[in-house]
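A short worksheet on the structure shown next.
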Amino acid sequence: MTATLPLISLRSVGRTYRTDGIAVTAVRNVTFDVDQGEILAVMGPSGSGKSTLMNMIGLLDLPSEGAIYLEGTNVADLSEDRRSTLRARSIGFVFQSYNLLARHNAIENVALPLVYCGVGHKERLGRAEQSLEAVGMLHRAHHFPRQLSGGEQQRVAIARALIASPLIILADEPTGALDSRTGAEILALFAALNQRGQTVVMITHDPRIAMQCRRTIRLHDGELVSDETIAPLLPRRSIGS
Amino acid sequence: MTMLQGFRIALHALRLNPLRSFLTMLGIVIGVASIVTVFAIGAGAQLRLQEQIRSIGANVLMIMPGAVYQGGVRLKDGSKLTMTESDVQAILEQIPEIQAAAGSIAGTAQVIHEGKNWNTTINGTTTGHFMVRDWQLSSGRYFSNAEEAAAGKVVILGSTVARELFAPGDDPIGAQIRIMKVPLEVVGVLDRKDPAQDDVAFVPLTTAKLRFLGSASNINRDSVAYIIAKVAADGQMAGARSEIESLLRQRHRVPAGQDDDFKVQDPAAAMEAQQGAIRTVALLLVAIASVSLLVGGISIMNVMIVSVTERTREIGIRRALGGRMRDIRLQFLCEALVLCLLGGAIGVLSGVTLSMTVARMAGWITSIDSEAIALALAFSIATGLIFGFYPAHKASKLSPIEALKTE
Ligand SMILES: Nc1ncnc2c1ncn2[C@@H]1O[C@H](COP(=O)(O)OP(=O)(O)O)[C@@H](O)[C@H]1O
Ligand SMILES: [Mg+2]
């Protein structure tokens, strides 16, 4: 049984926000598994609960109903500190707006998660270089975010998500702020990472992007309306070249 | 995250806005600089007083002329020499606690040796004077009994006078100097005590009276200007003092109810009282300087709160990337600490510079005490911790999801 344990299991997960006595249910009764090595698109219209779901999978938030298991552990049983440490070691976030620290250069941004893994300065920089190399951004290591294009910033952000060799990369509309050509390049990067075995969960509302993922989950008003796996259409291209 | 990483992040953040960082720490700089300066000047003043107390000698009482009545009118204290050599004798013989005593008369005159001359205090006294003041010779000898009895033409020089009259290699002992045209042989040179005390030349009391004062009519042959007496032990000071007072009242036939024609003083006690006053003033100034430190702390807290608000998104990012609440708290606490420590260090440097400048320009003695510096730095660390804690705590409590949503 342990051999087939899914990386992530969601069981009847719900999330209800209560503000000033008004309850808003952002996610309700969602159940699915993510296996090691999968690439998964989460689709749905704006406000359908995609980001809420991703925050819970990424241990930034806890379900108000149901449970999420990360490698068999109910994340609600973990302490706040333990969840933070797991975020540093096991989760790689990629955001629509890149979320790089404006006052740090690319390599420092990439190395940041390792600060919270207790890795020393020298080793951090060495691994950050490798990570930048993997996304084809080593030549921009000492540039600041404002000196980089949107696509380049997103590549740096992906390098940062990769640096601690996480169990899973969670990308919330990673191409949402990019033109379609650059968006396609970023998508190809994720595809290439997945081909090397990296598990990726990607939120998108672009059907063309979702089509390139083997599996697509659709949300509507916080509910899971479909979970489809299709034949692979991914371009067989290597990254960085 | 380690403390070291916290400091590195803090330095990075503060370097990005050097002017703001400097203005933020200015209050701490001023507070610490004031504390260090006040301590340095206060400690210098104390040192100088202690030096003076030491140079007077331990357990010394000084007897000066007091109130004088002439035709029912009270004259200024000390306007007449009321003490005599026989008073000295009586004090020595009748009061057992007194180990040594000497009468002195003093004036100023030129002392001349070959081409050099120097204006100094000429003190006519007896060898007892040096016993009272525990004043050792660096070379030569004290006056002999014969010289004291027969107005010998001998002189003992204070170290300042010896330095001014003689070249460094020259031995003053045996040399002839002249004071008011009288040739005198140098028989001794005294140890250094204190710049204020060392500028003096001693001659036997008889020599001073016969050869320098001549037959000035207003001076009784037996008179002395003041008497110093050494009490055997510290605990006997008060007893010896009242015994001297009753002895002298009786000898001078001071009627009951009338003010004494002499005053007995304990110079060391007077100076110690002065020392206490200096300490009080210094403490008051330190208290005022601490207010500046407090204001500095509040300004740091204020800027840190603004900084946390400005950097909410950064906090969200750091939390998403795995920063624990305590890591965020440590980061901002380190920032406040670095501000305070840097401010403290600049303050110490300015304080040291300022007190050294004061020392040079005003000629005050200042003493820079490592304890005062440690205290000032400890104060700044405490300020950083106290006023940095609230903003750091606030930062650590932010919800990562909400923080990531801010612009
Ligand atoms: N902190 C919150 N408090 C109250 N309602 C929220 C909060 N966050 C999200 N929501 C609501 O939950 C729903 C889903 O939001 P979200 O997960 O951001 O959707 P998506 O990412 O699919 O656009 C929306 O209706 C949104 O208004
Ligand atoms: Mg969203």
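In the structure tokens, chains take the letters A, B, ... in the order shown, each chain's residues start at 1, and ligands count up from 1 in the order shown.
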Helix (DSSP H, G or I) positions in region 122-224 of chain A, given as a PyMOL selection string: chain A and resi 122-134+138-140+145-147+150-162+180-195+207-211
Show me which bits of chain A are within 6 Å of chain B, counting only C-alpha atoms, as a PDB file with C-alpha atoms, in the first residue's frame.
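Produced file selection_15.pdb, reproduced below:
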ATOM      1  CA  ASP A  81       6.338  26.124  12.271  1.00  0.00           C
ATOM      2  CA  SER A  84       6.535  26.654   7.283  1.00  0.00           C
ATOM      3  CA  THR A  85       9.545  24.386   7.183  1.00  0.00           C
ATOM      4  CA  ARG A  87       6.957  24.962   2.563  1.00  0.00           C
ATOM      5  CA  ALA A  88      10.682  25.710   2.435  1.00  0.00           C
ATOM      6  CA  PRO A 113      14.148  29.437   0.299  1.00  0.00           C
ATOM      7  CA  TYR A 116      14.770  28.843   5.699  1.00  0.00           C
TER       8      TYR A 116
END
Between CA of Ala141 (chain A) and CA of Glu123 (chain A) - distance in Å to one decimal: 15.5 Å
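Taking only C-alpha atoms, the non-local environment of Ser46 (chain A) within 12 Å (same-chain residues fewer than 6 positions away omitted) comprises Ala26, Thr52, Glu173, Ile203, Thr204, His205, Asp206, Arg218, Leu219, His220, Asp221 and Gly222 of chain A.
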Contacts to ligand 2 at 7 Å cut-off (only C-alpha atoms and all ligand atoms) as a VMD selection string: chain A and resid 46 to 47 50 to 51 172
Spatial neighbours of Val254 (chain B), max dist 12 Å, only C-alpha atoms, sep filter under 3 positions, as a ChimeraX atom specification: /B:66-69,82,245-251,257-262
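Listed by chain and then by rising number, the residues of region 202-303 of chain B that DSSP assigns to strand (DSSP E or B) from the backbone are Phe202, Val203, Pro204, Ser223, Val224, Tyr226, Ile227, Ile228, Ala229, Lys230, Val231, Phe262, Lys263, Val264 and Gln265 of chain B.
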Please, could you write that set of residues out with all heavy atoms as a compact mmCIF listing (two decimals), in the first residue's frame?
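In the end it all went to result02.txt:
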# COMPACT_ATOMS: atom_id res chain seq x y z
N PHE B 202 60.26 74.72 49.89
CA PHE B 202 60.15 74.76 51.35
C PHE B 202 61.47 75.25 51.96
O PHE B 202 62.55 74.80 51.55
CB PHE B 202 59.84 73.38 51.91
CG PHE B 202 58.45 72.91 51.59
CD1 PHE B 202 58.20 72.07 50.51
CD2 PHE B 202 57.36 73.32 52.38
CE1 PHE B 202 56.92 71.64 50.23
CE2 PHE B 202 56.08 72.88 52.10
CZ PHE B 202 55.86 72.05 51.02
N VAL B 203 61.34 76.16 52.94
CA VAL B 203 62.52 76.55 53.73
C VAL B 203 62.15 76.35 55.20
O VAL B 203 60.98 76.25 55.53
CB VAL B 203 62.91 78.03 53.47
CG1 VAL B 203 63.32 78.23 52.02
CG2 VAL B 203 61.77 78.97 53.85
N PRO B 204 63.14 76.27 56.10
CA PRO B 204 62.78 76.16 57.52
C PRO B 204 61.95 77.36 57.95
O PRO B 204 62.15 78.47 57.44
CB PRO B 204 64.15 76.13 58.22
CG PRO B 204 65.09 75.62 57.17
CD PRO B 204 64.58 76.16 55.88
N SER B 223 54.18 83.66 65.40
CA SER B 223 52.98 83.33 64.61
C SER B 223 53.25 82.36 63.47
O SER B 223 54.32 82.36 62.88
CB SER B 223 52.40 84.60 63.97
OG SER B 223 51.91 85.43 64.96
N VAL B 224 52.21 81.59 63.14
CA VAL B 224 52.23 80.82 61.89
C VAL B 224 50.89 81.07 61.19
O VAL B 224 49.90 81.43 61.82
CB VAL B 224 52.41 79.30 62.14
CG1 VAL B 224 53.81 79.01 62.67
CG2 VAL B 224 51.33 78.75 63.07
N TYR B 226 49.15 78.84 59.26
CA TYR B 226 48.23 77.70 59.46
C TYR B 226 49.01 76.54 60.02
O TYR B 226 50.25 76.52 59.96
CB TYR B 226 47.50 77.32 58.16
CG TYR B 226 48.40 76.83 57.06
CD1 TYR B 226 48.69 75.46 56.94
CD2 TYR B 226 48.96 77.70 56.12
CE1 TYR B 226 49.51 75.00 55.93
CE2 TYR B 226 49.78 77.26 55.12
CZ TYR B 226 50.06 75.90 55.02
OH TYR B 226 50.88 75.44 54.03
N ILE B 227 48.26 75.59 60.56
CA ILE B 227 48.89 74.40 61.12
C ILE B 227 48.28 73.19 60.42
O ILE B 227 47.07 73.17 60.16
CB ILE B 227 48.60 74.30 62.64
CG1 ILE B 227 49.21 75.51 63.37
CG2 ILE B 227 49.13 72.99 63.23
CD1 ILE B 227 48.77 75.63 64.82
N ILE B 228 49.12 72.21 60.08
CA ILE B 228 48.55 70.94 59.64
C ILE B 228 48.96 69.88 60.65
O ILE B 228 50.04 69.94 61.23
CB ILE B 228 48.98 70.54 58.21
CG1 ILE B 228 50.51 70.53 58.05
CG2 ILE B 228 48.35 71.48 57.18
CD1 ILE B 228 50.97 70.05 56.68
N ALA B 229 48.02 68.92 60.87
CA ALA B 229 48.27 67.88 61.87
C ALA B 229 47.79 66.55 61.33
O ALA B 229 46.78 66.48 60.64
CB ALA B 229 47.52 68.22 63.15
N LYS B 230 48.55 65.51 61.64
CA LYS B 230 48.17 64.18 61.17
C LYS B 230 47.60 63.36 62.32
O LYS B 230 48.20 63.24 63.38
CB LYS B 230 49.39 63.45 60.60
CG LYS B 230 49.04 62.11 59.97
CD LYS B 230 50.26 61.50 59.32
CE LYS B 230 49.91 60.25 58.52
NZ LYS B 230 49.05 60.58 57.38
N VAL B 231 46.40 62.81 62.06
CA VAL B 231 45.73 61.98 63.05
C VAL B 231 46.12 60.53 62.78
O VAL B 231 46.23 60.12 61.63
CB VAL B 231 44.21 62.17 62.96
CG1 VAL B 231 43.49 61.32 64.01
CG2 VAL B 231 43.86 63.65 63.12
N PHE B 262 39.84 80.49 65.25
CA PHE B 262 40.52 79.52 64.38
C PHE B 262 39.42 78.61 63.81
O PHE B 262 38.30 78.60 64.31
CB PHE B 262 41.53 78.69 65.19
CG PHE B 262 40.86 77.92 66.30
CD1 PHE B 262 40.39 76.63 66.06
CD2 PHE B 262 40.67 78.49 67.57
CE1 PHE B 262 39.74 75.94 67.06
CE2 PHE B 262 40.02 77.78 68.56
CZ PHE B 262 39.56 76.50 68.32
N LYS B 263 39.78 77.90 62.75
CA LYS B 263 38.86 76.90 62.19
C LYS B 263 39.65 75.63 61.95
O LYS B 263 40.76 75.70 61.42
CB LYS B 263 38.32 77.32 60.82
CG LYS B 263 37.75 78.68 60.71
CD LYS B 263 37.21 78.88 59.30
CE LYS B 263 38.28 79.35 58.35
NZ LYS B 263 37.82 80.40 57.42
N VAL B 264 39.05 74.51 62.35
CA VAL B 264 39.69 73.23 62.06
C VAL B 264 38.96 72.62 60.86
O VAL B 264 37.73 72.52 60.87
CB VAL B 264 39.62 72.28 63.27
CG1 VAL B 264 40.33 70.96 62.94
CG2 VAL B 264 40.25 72.94 64.49
N GLN B 265 39.72 72.28 59.81
CA GLN B 265 39.10 71.72 58.62
C GLN B 265 39.65 70.34 58.33
O GLN B 265 40.79 70.03 58.65
CB GLN B 265 39.38 72.61 57.40
CG GLN B 265 38.70 73.96 57.51
CD GLN B 265 39.03 74.82 56.31
OE1 GLN B 265 39.99 74.56 55.59
NE2 GLN B 265 38.22 75.85 56.12
Contacts of Ser9 (chain A) at 10 Å (only C-alpha atoms; same-chain gap of 5+ positions) as a ChimeraX atom specification: /A:31-35,57,67-74
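From CA of Leu59 (chain A) back to CA of Tyr17 (chain A), the distance works out to 16.6 Å.
Of the residues listed (B:Ala175, B:Ile381, B:Met64, B:Ala362), B:Ile381 shows the shortest atom-to-atom separation from Ala345 (chain B); distances use only C-alpha atoms.
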Exercise: region 146-153 of chain A partners within 8 Å, only C-alpha atoms, chain neighbours under 4 positions left out, as a PyMOL selection string: chain A and resi 98+100+102+137+157+177-178+182-183+186
